[in-house]
4 protein chains.
Amino acid sequence: MIAILKAGVSQAQVDNLIHWLESQGLKIHVSAGDYYTVLGLVGDTGKIDMDLLASLDIVQSVKRVSEPFKRCSRDFQPQDTVIEVGSAKIGGGNFCLIAGPCSVETHEQIIGVAKAVKAAGANVLRGGAFKPRTSPYDFQGLGKLGIEMLTEAKRETGLPIITEVMNINQLPLFDDVDIIQIGARNMQNFDLLKEVGKLHKPILLKRGLCGTMKEWLMSAEYIMSEGNEQVILCERGIRTYETYTRNTLDLSAVPMLKQLSHLPVVVDPSHATGKAKLVPPMALAAAAAGADGLMIEVHNDPPHAWCDGAQSLTPEQFADVARRARAVREAAL
Amino acid sequence: MIAILKAGVSQAQVDNLIHWLESQGLKIHVSAGDYYTVLGLVGDTGKIDMDLLASLDIVQSVKRVSEPFKRCSRDFQPQDTVIEVGSAKIGGGNFCLIAGPCSVETHEQIIGVAKAVKAAGANVLRGGAFKPRTSPYDFQGLGKLGIEMLTEAKRETGLPIITEVMNINQLPLFDDVDIIQIGARNMQNFDLLKEVGKLHKPILLKRGLCGTMKEWLMSAEYIMSEGNEQVILCERGIRTYETYTRNTLDLSAVPMLKQLSHLPVVVDPSHATGKAKLVPPMALAAAAAGADGLMIEVHNDPPHAWCDGAQSLTPEQFADVARRARAVREAAL
Amino acid sequence: MIAILKAGVSQAQVDNLIHWLESQGLKIHVSAGDYYTVLGLVGDTGKIDMDLLASLDIVQSVKRVSEPFKRCSRDFQPQDTVIEVGSAKIGGGNFCLIAGPCSVETHEQIIGVAKAVKAAGANVLRGGAFKPRTSPYDFQGLGKLGIEMLTEAKRETGLPIITEVMNINQLPLFDDVDIIQIGARNMQNFDLLKEVGKLHKPILLKRGLCGTMKEWLMSAEYIMSEGNEQVILCERGIRTYETYTRNTLDLSAVPMLKQLSHLPVVVDPSHATGKAKLVPPMALAAAAAGADGLMIEVHNDPPHAWCDGAQSLTPEQFADVARRARAVREAAL
Amino acid sequence: MIAILKAGVSQAQVDNLIHWLESQGLKIHVSAGDYYTVLGLVGDTGKIDMDLLASLDIVQSVKRVSEPFKRCSRDFQPQDTVIEVGSAKIGGGNFCLIAGPCSVETHEQIIGVAKAVKAAGANVLRGGAFKPRTSPYDFQGLGKLGIEMLTEAKRETGLPIITEVMNINQLPLFDDVDIIQIGARNMQNFDLLKEVGKLHKPILLKRGLCGTMKEWLMSAEYIMSEGNEQVILCERGIRTYETYTRNTLDLSAVPMLKQLSHLPVVVDPSHATGKAKLVPPMALAAAAAGADGLMIEVHNDPPHAWCDGAQSLTPEQFADVARRARAVREAAL
């Protein structure tokens, strides 16, 4: 950490500050210029409150020398993390297609969609059992029953399954779930992150609606710091002032995160755009940008979907996107 | 709900759509213009997926006629909700000052601050026991011990206490807590909202970092729909592109919410700005804008606070702000 | 335009409003429901102030039935606009590569880069002569001299040229310029838009830093309403809270705009990201999303560029991106 | 400027970089730590492209030691700038009320409003003659005729007048205008800023829709660097994701700017909120936050205003706000 002191501070003030910092176990390098003095803080600077230091009268500004995330950092682990679920691999040059309905609705629906997306090239089946909904009056998901239906679809098709957990107490129901999803609204539900950090299965961590990449990586760090290193990052659009699209898909996050971290990054164009017609072009764009996979909503009968039908593709549309996305990925190399 | 159809749709298409909507239990009013046709949907339109309807080929756009929130709406209850905790009243023309440290640190600290803020005119004592922190390596709060210290400060001073809950399983520890705070990161932790909705004590619901007022009111609705009508809204700044302040305090939310809802609205200028020097002017501005109260961080020794010292006022500074805020409120009438 | 009236308005109030609207030359369709009344306004509603109507006591909300843009709308002209400059075509299935340095610096530099990007497959040469800079103390461009150097590079290579105009009075210098660029900061410089609307040459209109797609199309409409229909839209990133990238490239704008409008859409990944390493993946993503072209900063010696060197590619890097972008485009079909 | 080098760079690499920086006329202080090396750059660092330096392989990050603005900085001039127009003073503890219609419409209207706002305590008359409108089909203002009507209202009432300029060529019409307004959309119209910087009259510079405070101060710097030091900053709301209000009024900008700069800061609650009912509370909040004045839209007949009637107060409402704002200001001291 670097602290830049204001012009005109007295030597006594500088000495006082250094004394205080040293009393917290740090070593201080002083670089005095004609116009300013810079203190380099070496040691466990994690204990220092940056904002507080910056607020002191004699301090002009403070800057971290290194990123605050460790385990998820590319510096910490140069090679890509590769996550395996069933026969699917995510990261390290593999391309993974996660598909399925927004909500699990009926036995027939989820089995039907599962078979269709498998035939179309999907590697993992998605389906919501617990649904975070803005309104308490909207359909909240089938819960336990939904997970049972998903598990049956897994038995029938062999596809590994992913579904979202909304609170700690639901975790015992997730034994047969292959990848646990943390939704955008829970990106900073730190207690939930710590809890899934104790599990031994992959966690797909969606970016929060206004999560910075740094906060997102810090949330991955929460999971990893508890011992679970199998984290998949999922970009799903951020909130901006634009209203033609539900959210603004930030595809530059894909190459940026791959520089900063060794974790796999997948993209969900369905929730990002909220419009089925925009899903194919954004899916292809994600593939071209270097995403390790796509997560796409597919429904056998979008106009009658119980939830988010407006953004769902039919199995035929998904098959077409899947084929083109793989071709784009090849071409982008 | 109003659905505006595209120009040039055929009568058969219109009839088909009407038939489908009627099959879902709605009554449809048709208003055919020269250039467009408008359908008015009457009945329980809560079951209709607006986005899906809007995505149909023949539909140009869809608009709700009424706001989606009910119990928290000013239409539903014209008179202000007034919440009483101990001798404090919040809402309905009363002005409430909530003050205390970001984190409960030690027995001496919390008792000392409690006495100081009481003397300065505070009505409620705040103090964090469970702390949501961006980094897993930062201080996470004293937890149960923190709540015990707060309870002791309450016994010593008579001040009702408020502290934040982070997950459902912590709720049994909150029996002696007078107001339960839902933090910004949990504004859409719907399971937690439902759970505190079953309690019989006031809930202070902070606005999410990128929560719209509508979503925020829908989150209040989650709590109220479970039976708990004692909800206090707390504006604490939203995330924007500006970096000189930690967040952007949206004071226009105060009069806007008071038009839309009967719930009390308080303002937290400390977290919004992140800078102690900006807290007094923004506290006064909030009072002038019609806020029902303020929530301010006060620490007996800001430079040594374990958390958020940069934004804490000293008890003397708080006393000065409290006096001026009450004067501003009088002058604004 | 649709006006939804509040519940409980009296017939006299409704009649008054209808009378007022009719006095402004509109025909009014009334649709009275059990719970609400909807007025359909037919005629030249452009004269009605929507916000004012919405602010009336008896009005709940107001909604436009049709988009406010006309000439740039896909409804108005279903087939793609194709713009020709020299041998380059933009729009209608053609793919155009615009490349060159941020600033024109010297005769040697611009000729050198022009030859290099032509060899690498560029169709149009870009180069800044008038530079909008945040600080008055930064390099402001070579102005007239810069345009002369660009014109010489055009003579040497045959590449058509594009450069930015910053104010009306500079336009006489742009006679030899093939495409005039309106920068992001001038997207709503309405007087400048009207002036370039009187010219007979293509205008590349960049999206403003916080321009909505609707405002952007309305700015295109300003140009087109003066008679110049040759407008190219250029997405270059919008301002969000994220700081790892300079702006957030909104690639979903590409397919969204192509639904709304017949105008060509190109993408500038250089200004959007501000980081050379992110330019290739975002260029490929733009190609996959269906962009009609790319605008990329290329410099023969990025570390010594006078401006924006951090985001410039070398000619070799550009050649590689150009090749892959064309391959991605093929694969995406 | 401080450059922090990456861990593990070789001495040769460091020497190379230092050599390059010294060749640009800078003195370099080296501070080598165990884990990192910090270079302090002393001299005219304005010539160094920060982004380029930060993009070098061996550089981890770069930080400015001092703010990029000079003339408008509180460091440069500790005492408040006070601007005098007629009998009005803005800044330095004075409180100025600027009021009038969005657009000048007729002779009677502007004279009528001018007399009414003067009686209600206004110090300056506002009125739009050139109107920036999102749509080319909306009313664009009376132009020259509007300025003549304003000038007449000035003669009749003695109130100094303020109106907006949209391009350089209009400036000759502004001889009798006392304060020239630069609108939000022109905050970064640098050529216009330079031109008004050559005048000898006050400039009111509105914050751009997505202008940071730093960019805004840099725009003030553009004006001041040409010699005109009479700049008034006007906060008018920034663009966020919230839709209940037209913009989000950032009142924390008031105390923040007053720390950073000696320039006066006024607030426009009318454009910020877009709703007349929100104008009074936000005007009072601005006064409490320490604003040097308010700019409020007042119309004698809001429902028939040609522009922005939804946000206009009547003269009676304005008189009430003016009285309370002055009282709040007193109480806030």
# chains A, B, ... in the order shown; residues from 1 in each chain; ligands from 1

$ interface_residues --of "chain D" --to "chain A" --cutoff "8 Å" --atoms "only C-alpha atoms" --output "list of chain:residue names"
D:Ile4, D:His29, D:Val30, D:Ser31, D:Gly33, D:Asp34, D:Tyr35, D:Gly40, D:Val42, D:Gln60, D:Ser61, D:Lys63, D:Val65, D:Arg239, D:Thr240, D:Tyr241, D:Glu242

$ select_by_dssp --residues "region 24-249 of chain D" --states "strand (DSSP E)" --output "compact mmCIF listing (two decimals) with all heavy atoms, in the first residue's frame"
# COMPACT_ATOMS: atom_id res chain seq x y z
N LYS D 27 12.28 14.45 -13.40
CA LYS D 27 13.20 13.91 -12.41
C LYS D 27 12.51 12.70 -11.78
O LYS D 27 11.31 12.76 -11.48
CB LYS D 27 13.49 14.96 -11.32
CG LYS D 27 14.78 15.72 -11.50
CD LYS D 27 14.99 16.75 -10.40
CE LYS D 27 15.29 16.14 -9.04
NZ LYS D 27 15.43 17.20 -8.00
N ILE D 28 13.26 11.63 -11.54
CA ILE D 28 12.64 10.40 -11.02
C ILE D 28 13.23 10.04 -9.65
O ILE D 28 14.45 9.93 -9.50
CB ILE D 28 12.90 9.21 -11.98
CG1 ILE D 28 12.56 9.60 -13.43
CG2 ILE D 28 12.12 7.98 -11.53
CD1 ILE D 28 11.14 10.00 -13.66
N HIS D 29 12.34 9.86 -8.66
CA HIS D 29 12.75 9.34 -7.35
C HIS D 29 12.41 7.86 -7.31
O HIS D 29 11.28 7.49 -7.55
CB HIS D 29 11.97 10.02 -6.22
CG HIS D 29 12.34 11.43 -6.00
ND1 HIS D 29 13.26 11.82 -5.05
CD2 HIS D 29 11.93 12.56 -6.61
CE1 HIS D 29 13.39 13.13 -5.09
NE2 HIS D 29 12.60 13.61 -6.02
N VAL D 30 13.37 7.05 -6.96
CA VAL D 30 13.12 5.60 -6.89
C VAL D 30 12.99 5.17 -5.44
O VAL D 30 13.80 5.54 -4.60
CB VAL D 30 14.27 4.81 -7.55
CG1 VAL D 30 13.96 3.32 -7.55
CG2 VAL D 30 14.53 5.33 -8.95
N SER D 31 11.96 4.40 -5.15
CA SER D 31 11.80 3.84 -3.81
C SER D 31 11.62 2.34 -3.97
O SER D 31 10.57 1.87 -4.39
CB SER D 31 10.57 4.47 -3.14
OG SER D 31 10.23 3.74 -2.00
N ALA D 32 12.70 1.60 -3.70
CA ALA D 32 12.65 0.16 -3.93
C ALA D 32 12.28 -0.57 -2.65
O ALA D 32 12.95 -0.41 -1.63
CB ALA D 32 13.99 -0.34 -4.44
N THR D 37 8.65 -1.71 -6.46
CA THR D 37 9.44 -0.50 -6.65
C THR D 37 8.49 0.61 -7.04
O THR D 37 7.60 0.41 -7.86
CB THR D 37 10.47 -0.73 -7.77
OG1 THR D 37 11.35 -1.77 -7.34
CG2 THR D 37 11.27 0.54 -8.03
N VAL D 38 8.67 1.77 -6.41
CA VAL D 38 7.81 2.90 -6.72
C VAL D 38 8.66 4.01 -7.33
O VAL D 38 9.72 4.35 -6.79
CB VAL D 38 7.10 3.43 -5.46
CG1 VAL D 38 6.27 4.66 -5.80
CG2 VAL D 38 6.23 2.35 -4.85
N LEU D 39 8.20 4.54 -8.46
CA LEU D 39 8.89 5.68 -9.05
C LEU D 39 8.05 6.94 -8.80
O LEU D 39 6.85 6.94 -9.07
CB LEU D 39 9.04 5.50 -10.57
CG LEU D 39 9.75 4.24 -11.05
CD1 LEU D 39 9.93 4.29 -12.58
CD2 LEU D 39 11.10 4.08 -10.37
N GLY D 40 8.71 7.95 -8.28
CA GLY D 40 8.03 9.24 -8.12
C GLY D 40 8.48 10.15 -9.26
O GLY D 40 9.68 10.39 -9.44
N LEU D 41 7.53 10.63 -10.07
CA LEU D 41 7.86 11.47 -11.23
C LEU D 41 7.67 12.93 -10.85
O LEU D 41 6.56 13.33 -10.51
CB LEU D 41 6.95 11.14 -12.41
CG LEU D 41 7.22 9.83 -13.18
CD1 LEU D 41 7.12 8.61 -12.30
CD2 LEU D 41 6.25 9.71 -14.35
N VAL D 42 8.72 13.72 -10.92
CA VAL D 42 8.62 15.12 -10.56
C VAL D 42 8.92 15.98 -11.79
O VAL D 42 9.84 15.68 -12.54
CB VAL D 42 9.60 15.46 -9.42
CG1 VAL D 42 9.50 16.93 -9.05
CG2 VAL D 42 9.30 14.59 -8.20
N VAL D 59 4.74 -2.10 -15.54
CA VAL D 59 4.07 -1.17 -14.62
C VAL D 59 2.78 -1.79 -14.09
O VAL D 59 1.97 -2.31 -14.85
CB VAL D 59 3.76 0.16 -15.33
CG1 VAL D 59 2.97 1.09 -14.42
CG2 VAL D 59 5.06 0.83 -15.79
N GLN D 60 2.62 -1.73 -12.76
CA GLN D 60 1.40 -2.29 -12.18
C GLN D 60 0.30 -1.25 -12.19
O GLN D 60 -0.82 -1.52 -12.58
CB GLN D 60 1.71 -2.73 -10.75
CG GLN D 60 0.95 -3.94 -10.32
CD GLN D 60 0.04 -3.63 -9.17
OE1 GLN D 60 -0.12 -2.48 -8.78
NE2 GLN D 60 -0.55 -4.66 -8.63
N SER D 61 0.61 -0.06 -11.73
CA SER D 61 -0.40 0.99 -11.80
C SER D 61 0.25 2.35 -11.65
O SER D 61 1.40 2.47 -11.27
CB SER D 61 -1.49 0.80 -10.76
OG SER D 61 -0.94 0.89 -9.47
N VAL D 62 -0.53 3.39 -11.97
CA VAL D 62 -0.02 4.75 -11.97
C VAL D 62 -1.03 5.61 -11.22
O VAL D 62 -2.23 5.35 -11.29
CB VAL D 62 0.12 5.26 -13.42
CG1 VAL D 62 0.60 6.70 -13.47
CG2 VAL D 62 1.09 4.37 -14.19
N LYS D 63 -0.57 6.58 -10.50
CA LYS D 63 -1.49 7.42 -9.74
C LYS D 63 -1.01 8.86 -9.79
O LYS D 63 0.17 9.13 -9.64
CB LYS D 63 -1.52 6.95 -8.28
CG LYS D 63 -2.51 7.69 -7.42
CD LYS D 63 -2.88 6.92 -6.18
CE LYS D 63 -3.90 7.72 -5.38
NZ LYS D 63 -5.04 8.18 -6.16
N ILE D 83 -19.17 36.26 -7.35
CA ILE D 83 -19.49 36.81 -8.67
C ILE D 83 -20.64 37.81 -8.52
O ILE D 83 -21.63 37.52 -7.86
CB ILE D 83 -19.87 35.65 -9.63
CG1 ILE D 83 -18.59 34.88 -9.97
CG2 ILE D 83 -20.55 36.18 -10.88
CD1 ILE D 83 -18.81 33.59 -10.69
N GLU D 84 -20.44 38.99 -9.11
CA GLU D 84 -21.48 40.02 -9.00
C GLU D 84 -22.13 40.27 -10.35
O GLU D 84 -21.45 40.46 -11.35
CB GLU D 84 -20.86 41.33 -8.49
CG GLU D 84 -20.13 41.14 -7.16
CD GLU D 84 -19.81 42.45 -6.45
OE1 GLU D 84 -20.52 43.45 -6.71
OE2 GLU D 84 -18.85 42.47 -5.67
N VAL D 85 -23.45 40.25 -10.36
CA VAL D 85 -24.20 40.62 -11.58
C VAL D 85 -25.32 41.55 -11.14
O VAL D 85 -26.20 41.16 -10.39
CB VAL D 85 -24.84 39.40 -12.29
CG1 VAL D 85 -23.89 38.80 -13.29
CG2 VAL D 85 -25.33 38.36 -11.30
N ALA D 88 -26.95 41.42 -7.70
CA ALA D 88 -26.87 40.04 -7.18
C ALA D 88 -25.42 39.63 -6.94
O ALA D 88 -24.53 40.00 -7.70
CB ALA D 88 -27.52 39.07 -8.16
N LYS D 89 -25.22 38.87 -5.85
CA LYS D 89 -23.90 38.29 -5.59
C LYS D 89 -24.05 36.78 -5.47
O LYS D 89 -24.99 36.29 -4.85
CB LYS D 89 -23.33 38.83 -4.28
CG LYS D 89 -22.85 40.28 -4.39
CD LYS D 89 -22.19 40.71 -3.09
CE LYS D 89 -21.77 42.17 -3.19
NZ LYS D 89 -21.20 42.65 -1.91
N ILE D 90 -23.12 36.05 -6.05
CA ILE D 90 -23.17 34.59 -6.00
C ILE D 90 -21.85 34.09 -5.44
O ILE D 90 -20.80 34.39 -5.97
CB ILE D 90 -23.41 33.99 -7.41
CG1 ILE D 90 -24.61 34.68 -8.07
CG2 ILE D 90 -23.63 32.49 -7.33
CD1 ILE D 90 -24.90 34.21 -9.48
N CYS D 96 -28.30 33.18 -3.82
CA CYS D 96 -28.88 33.78 -5.03
C CYS D 96 -30.01 32.92 -5.59
O CYS D 96 -29.85 31.71 -5.75
CB CYS D 96 -27.76 33.91 -6.06
SG CYS D 96 -28.30 34.59 -7.63
N LEU D 97 -31.13 33.56 -5.90
CA LEU D 97 -32.27 32.84 -6.46
C LEU D 97 -32.45 33.22 -7.93
O LEU D 97 -32.71 34.37 -8.26
CB LEU D 97 -33.54 33.15 -5.68
CG LEU D 97 -33.58 32.56 -4.27
CD1 LEU D 97 -34.78 33.10 -3.50
CD2 LEU D 97 -33.65 31.03 -4.33
N ILE D 98 -32.28 32.23 -8.79
CA ILE D 98 -32.45 32.42 -10.23
C ILE D 98 -33.77 31.76 -10.60
O ILE D 98 -33.98 30.59 -10.30
CB ILE D 98 -31.29 31.75 -11.00
CG1 ILE D 98 -29.94 32.28 -10.50
CG2 ILE D 98 -31.46 31.94 -12.50
CD1 ILE D 98 -28.73 31.49 -11.01
N ALA D 99 -34.67 32.50 -11.22
CA ALA D 99 -35.99 31.93 -11.51
C ALA D 99 -36.51 32.45 -12.82
O ALA D 99 -36.11 33.51 -13.30
CB ALA D 99 -36.97 32.28 -10.38
N GLY D 100 -37.44 31.69 -13.40
CA GLY D 100 -38.04 32.08 -14.66
C GLY D 100 -38.49 30.86 -15.43
O GLY D 100 -38.29 29.73 -14.99
N VAL D 124 -32.11 36.90 -10.08
CA VAL D 124 -31.74 36.80 -11.49
C VAL D 124 -32.92 36.16 -12.23
O VAL D 124 -33.58 35.26 -11.69
CB VAL D 124 -30.46 35.94 -11.67
CG1 VAL D 124 -30.11 35.80 -13.16
CG2 VAL D 124 -29.27 36.53 -10.91
N LEU D 125 -33.15 36.60 -13.46
CA LEU D 125 -34.23 36.04 -14.29
C LEU D 125 -33.66 35.04 -15.30
O LEU D 125 -32.72 35.37 -16.02
CB LEU D 125 -34.93 37.18 -15.06
CG LEU D 125 -36.02 36.75 -16.06
CD1 LEU D 125 -37.22 36.15 -15.36
CD2 LEU D 125 -36.43 37.94 -16.94
N ARG D 126 -34.23 33.84 -15.34
CA ARG D 126 -33.80 32.89 -16.35
C ARG D 126 -34.90 32.76 -17.41
O ARG D 126 -36.08 33.05 -17.15
CB ARG D 126 -33.50 31.52 -15.75
CG ARG D 126 -34.67 30.84 -15.07
CD ARG D 126 -34.56 29.32 -15.17
NE ARG D 126 -34.82 28.95 -16.56
CZ ARG D 126 -34.39 27.84 -17.12
NH1 ARG D 126 -33.69 26.97 -16.44
NH2 ARG D 126 -34.68 27.57 -18.39
N ILE D 161 -30.14 38.96 -16.30
CA ILE D 161 -30.72 37.80 -17.00
C ILE D 161 -29.66 36.75 -17.34
O ILE D 161 -28.50 37.05 -17.55
CB ILE D 161 -31.45 38.21 -18.29
CG1 ILE D 161 -30.52 39.01 -19.22
CG2 ILE D 161 -32.70 39.03 -17.97
CD1 ILE D 161 -31.15 39.39 -20.56
N ILE D 162 -30.14 35.51 -17.37
CA ILE D 162 -29.30 34.38 -17.75
C ILE D 162 -30.02 33.58 -18.81
O ILE D 162 -31.23 33.35 -18.71
CB ILE D 162 -28.95 33.48 -16.54
CG1 ILE D 162 -28.15 32.26 -16.99
CG2 ILE D 162 -30.19 33.03 -15.79
CD1 ILE D 162 -27.62 31.41 -15.83
N THR D 163 -29.28 33.15 -19.83
CA THR D 163 -29.88 32.28 -20.86
C THR D 163 -28.77 31.44 -21.49
O THR D 163 -27.59 31.74 -21.34
CB THR D 163 -30.68 33.10 -21.90
OG1 THR D 163 -31.52 32.22 -22.65
CG2 THR D 163 -29.78 33.86 -22.85
N GLU D 164 -29.19 30.36 -22.15
CA GLU D 164 -28.24 29.36 -22.63
C GLU D 164 -27.76 29.63 -24.04
O GLU D 164 -28.55 29.96 -24.92
CB GLU D 164 -28.90 27.97 -22.57
CG GLU D 164 -28.01 26.85 -23.08
CD GLU D 164 -28.57 25.47 -22.85
OE1 GLU D 164 -29.59 25.32 -22.13
OE2 GLU D 164 -27.99 24.51 -23.39
N VAL D 165 -26.45 29.41 -24.25
CA VAL D 165 -25.89 29.48 -25.60
C VAL D 165 -25.66 28.05 -26.07
O VAL D 165 -25.27 27.19 -25.29
CB VAL D 165 -24.57 30.28 -25.60
CG1 VAL D 165 -23.45 29.54 -24.86
CG2 VAL D 165 -24.12 30.56 -27.04
N ILE D 179 -25.48 36.62 -17.54
CA ILE D 179 -24.79 35.34 -17.26
C ILE D 179 -25.11 34.41 -18.42
O ILE D 179 -26.27 34.24 -18.79
CB ILE D 179 -25.30 34.68 -15.95
CG1 ILE D 179 -25.24 35.67 -14.77
CG2 ILE D 179 -24.49 33.43 -15.63
CD1 ILE D 179 -25.81 35.10 -13.47
N ILE D 180 -24.06 33.81 -18.97
CA ILE D 180 -24.27 32.87 -20.08
C ILE D 180 -24.27 31.46 -19.54
O ILE D 180 -23.37 31.07 -18.79
CB ILE D 180 -23.17 33.03 -21.15
CG1 ILE D 180 -23.25 34.44 -21.76
CG2 ILE D 180 -23.30 31.96 -22.24
CD1 ILE D 180 -22.21 34.71 -22.83
N GLN D 181 -25.29 30.72 -19.90
CA GLN D 181 -25.40 29.34 -19.42
C GLN D 181 -24.86 28.36 -20.45
O GLN D 181 -25.19 28.45 -21.63
CB GLN D 181 -26.87 29.04 -19.13
CG GLN D 181 -27.13 27.59 -18.72
CD GLN D 181 -28.58 27.35 -18.36
OE1 GLN D 181 -29.22 28.20 -17.72
NE2 GLN D 181 -29.12 26.21 -18.74
N ILE D 182 -24.04 27.42 -19.97
CA ILE D 182 -23.60 26.29 -20.79
C ILE D 182 -24.41 25.10 -20.29
O ILE D 182 -24.33 24.73 -19.11
CB ILE D 182 -22.10 26.01 -20.61
CG1 ILE D 182 -21.26 27.25 -20.95
CG2 ILE D 182 -21.68 24.80 -21.42
CD1 ILE D 182 -21.21 27.58 -22.41
N ILE D 203 -20.14 32.85 -16.38
CA ILE D 203 -20.60 31.66 -17.10
C ILE D 203 -21.17 30.69 -16.08
O ILE D 203 -20.50 30.35 -15.10
CB ILE D 203 -19.42 30.97 -17.83
CG1 ILE D 203 -18.64 31.98 -18.70
CG2 ILE D 203 -19.92 29.78 -18.65
CD1 ILE D 203 -19.43 32.65 -19.78
N LEU D 204 -22.41 30.25 -16.30
CA LEU D 204 -22.97 29.20 -15.44
C LEU D 204 -22.80 27.88 -16.19
O LEU D 204 -23.35 27.69 -17.27
CB LEU D 204 -24.44 29.49 -15.14
CG LEU D 204 -25.11 28.46 -14.21
CD1 LEU D 204 -25.96 29.18 -13.15
CD2 LEU D 204 -25.95 27.46 -14.98
N LEU D 205 -22.01 26.99 -15.59
CA LEU D 205 -21.65 25.74 -16.26
C LEU D 205 -22.41 24.58 -15.61
O LEU D 205 -22.12 24.19 -14.48
CB LEU D 205 -20.14 25.52 -16.11
CG LEU D 205 -19.56 24.22 -16.68
CD1 LEU D 205 -19.71 24.16 -18.20
CD2 LEU D 205 -18.09 24.06 -16.28
N LYS D 206 -23.36 24.03 -16.34
CA LYS D 206 -24.12 22.91 -15.80
C LYS D 206 -23.32 21.62 -15.88
O LYS D 206 -22.50 21.44 -16.78
CB LYS D 206 -25.44 22.76 -16.58
CG LYS D 206 -26.45 23.85 -16.24
CD LYS D 206 -27.87 23.40 -16.54
CE LYS D 206 -28.88 24.20 -15.74
NZ LYS D 206 -30.24 23.66 -15.90
N VAL D 231 -16.79 31.68 -13.10
CA VAL D 231 -17.52 30.46 -13.43
C VAL D 231 -18.39 30.06 -12.24
O VAL D 231 -17.93 30.04 -11.10
CB VAL D 231 -16.57 29.31 -13.80
CG1 VAL D 231 -17.34 28.04 -14.12
CG2 VAL D 231 -15.68 29.71 -14.98
N ILE D 232 -19.65 29.76 -12.52
CA ILE D 232 -20.59 29.25 -11.52
C ILE D 232 -20.91 27.82 -11.90
O ILE D 232 -21.28 27.55 -13.05
CB ILE D 232 -21.90 30.07 -11.54
CG1 ILE D 232 -21.62 31.56 -11.32
CG2 ILE D 232 -22.89 29.54 -10.50
CD1 ILE D 232 -22.75 32.46 -11.82
N LEU D 233 -20.78 26.89 -10.96
CA LEU D 233 -21.10 25.49 -11.22
C LEU D 233 -22.57 25.25 -10.88
O LEU D 233 -23.06 25.74 -9.86
CB LEU D 233 -20.21 24.58 -10.38
CG LEU D 233 -18.70 24.76 -10.61
CD1 LEU D 233 -17.91 24.02 -9.53
CD2 LEU D 233 -18.30 24.27 -11.99
N CYS D 234 -23.27 24.51 -11.71
CA CYS D 234 -24.69 24.24 -11.45
C CYS D 234 -24.99 22.74 -11.50
O CYS D 234 -24.97 22.14 -12.58
CB CYS D 234 -25.57 25.00 -12.43
SG CYS D 234 -27.34 24.68 -12.19
N GLU D 235 -25.27 22.16 -10.33
CA GLU D 235 -25.68 20.74 -10.26
C GLU D 235 -27.13 20.64 -10.70
O GLU D 235 -27.99 21.37 -10.21
CB GLU D 235 -25.53 20.25 -8.81
CG GLU D 235 -26.28 18.98 -8.46
CD GLU D 235 -25.79 17.72 -9.19
OE1 GLU D 235 -24.59 17.66 -9.53
OE2 GLU D 235 -26.61 16.82 -9.41
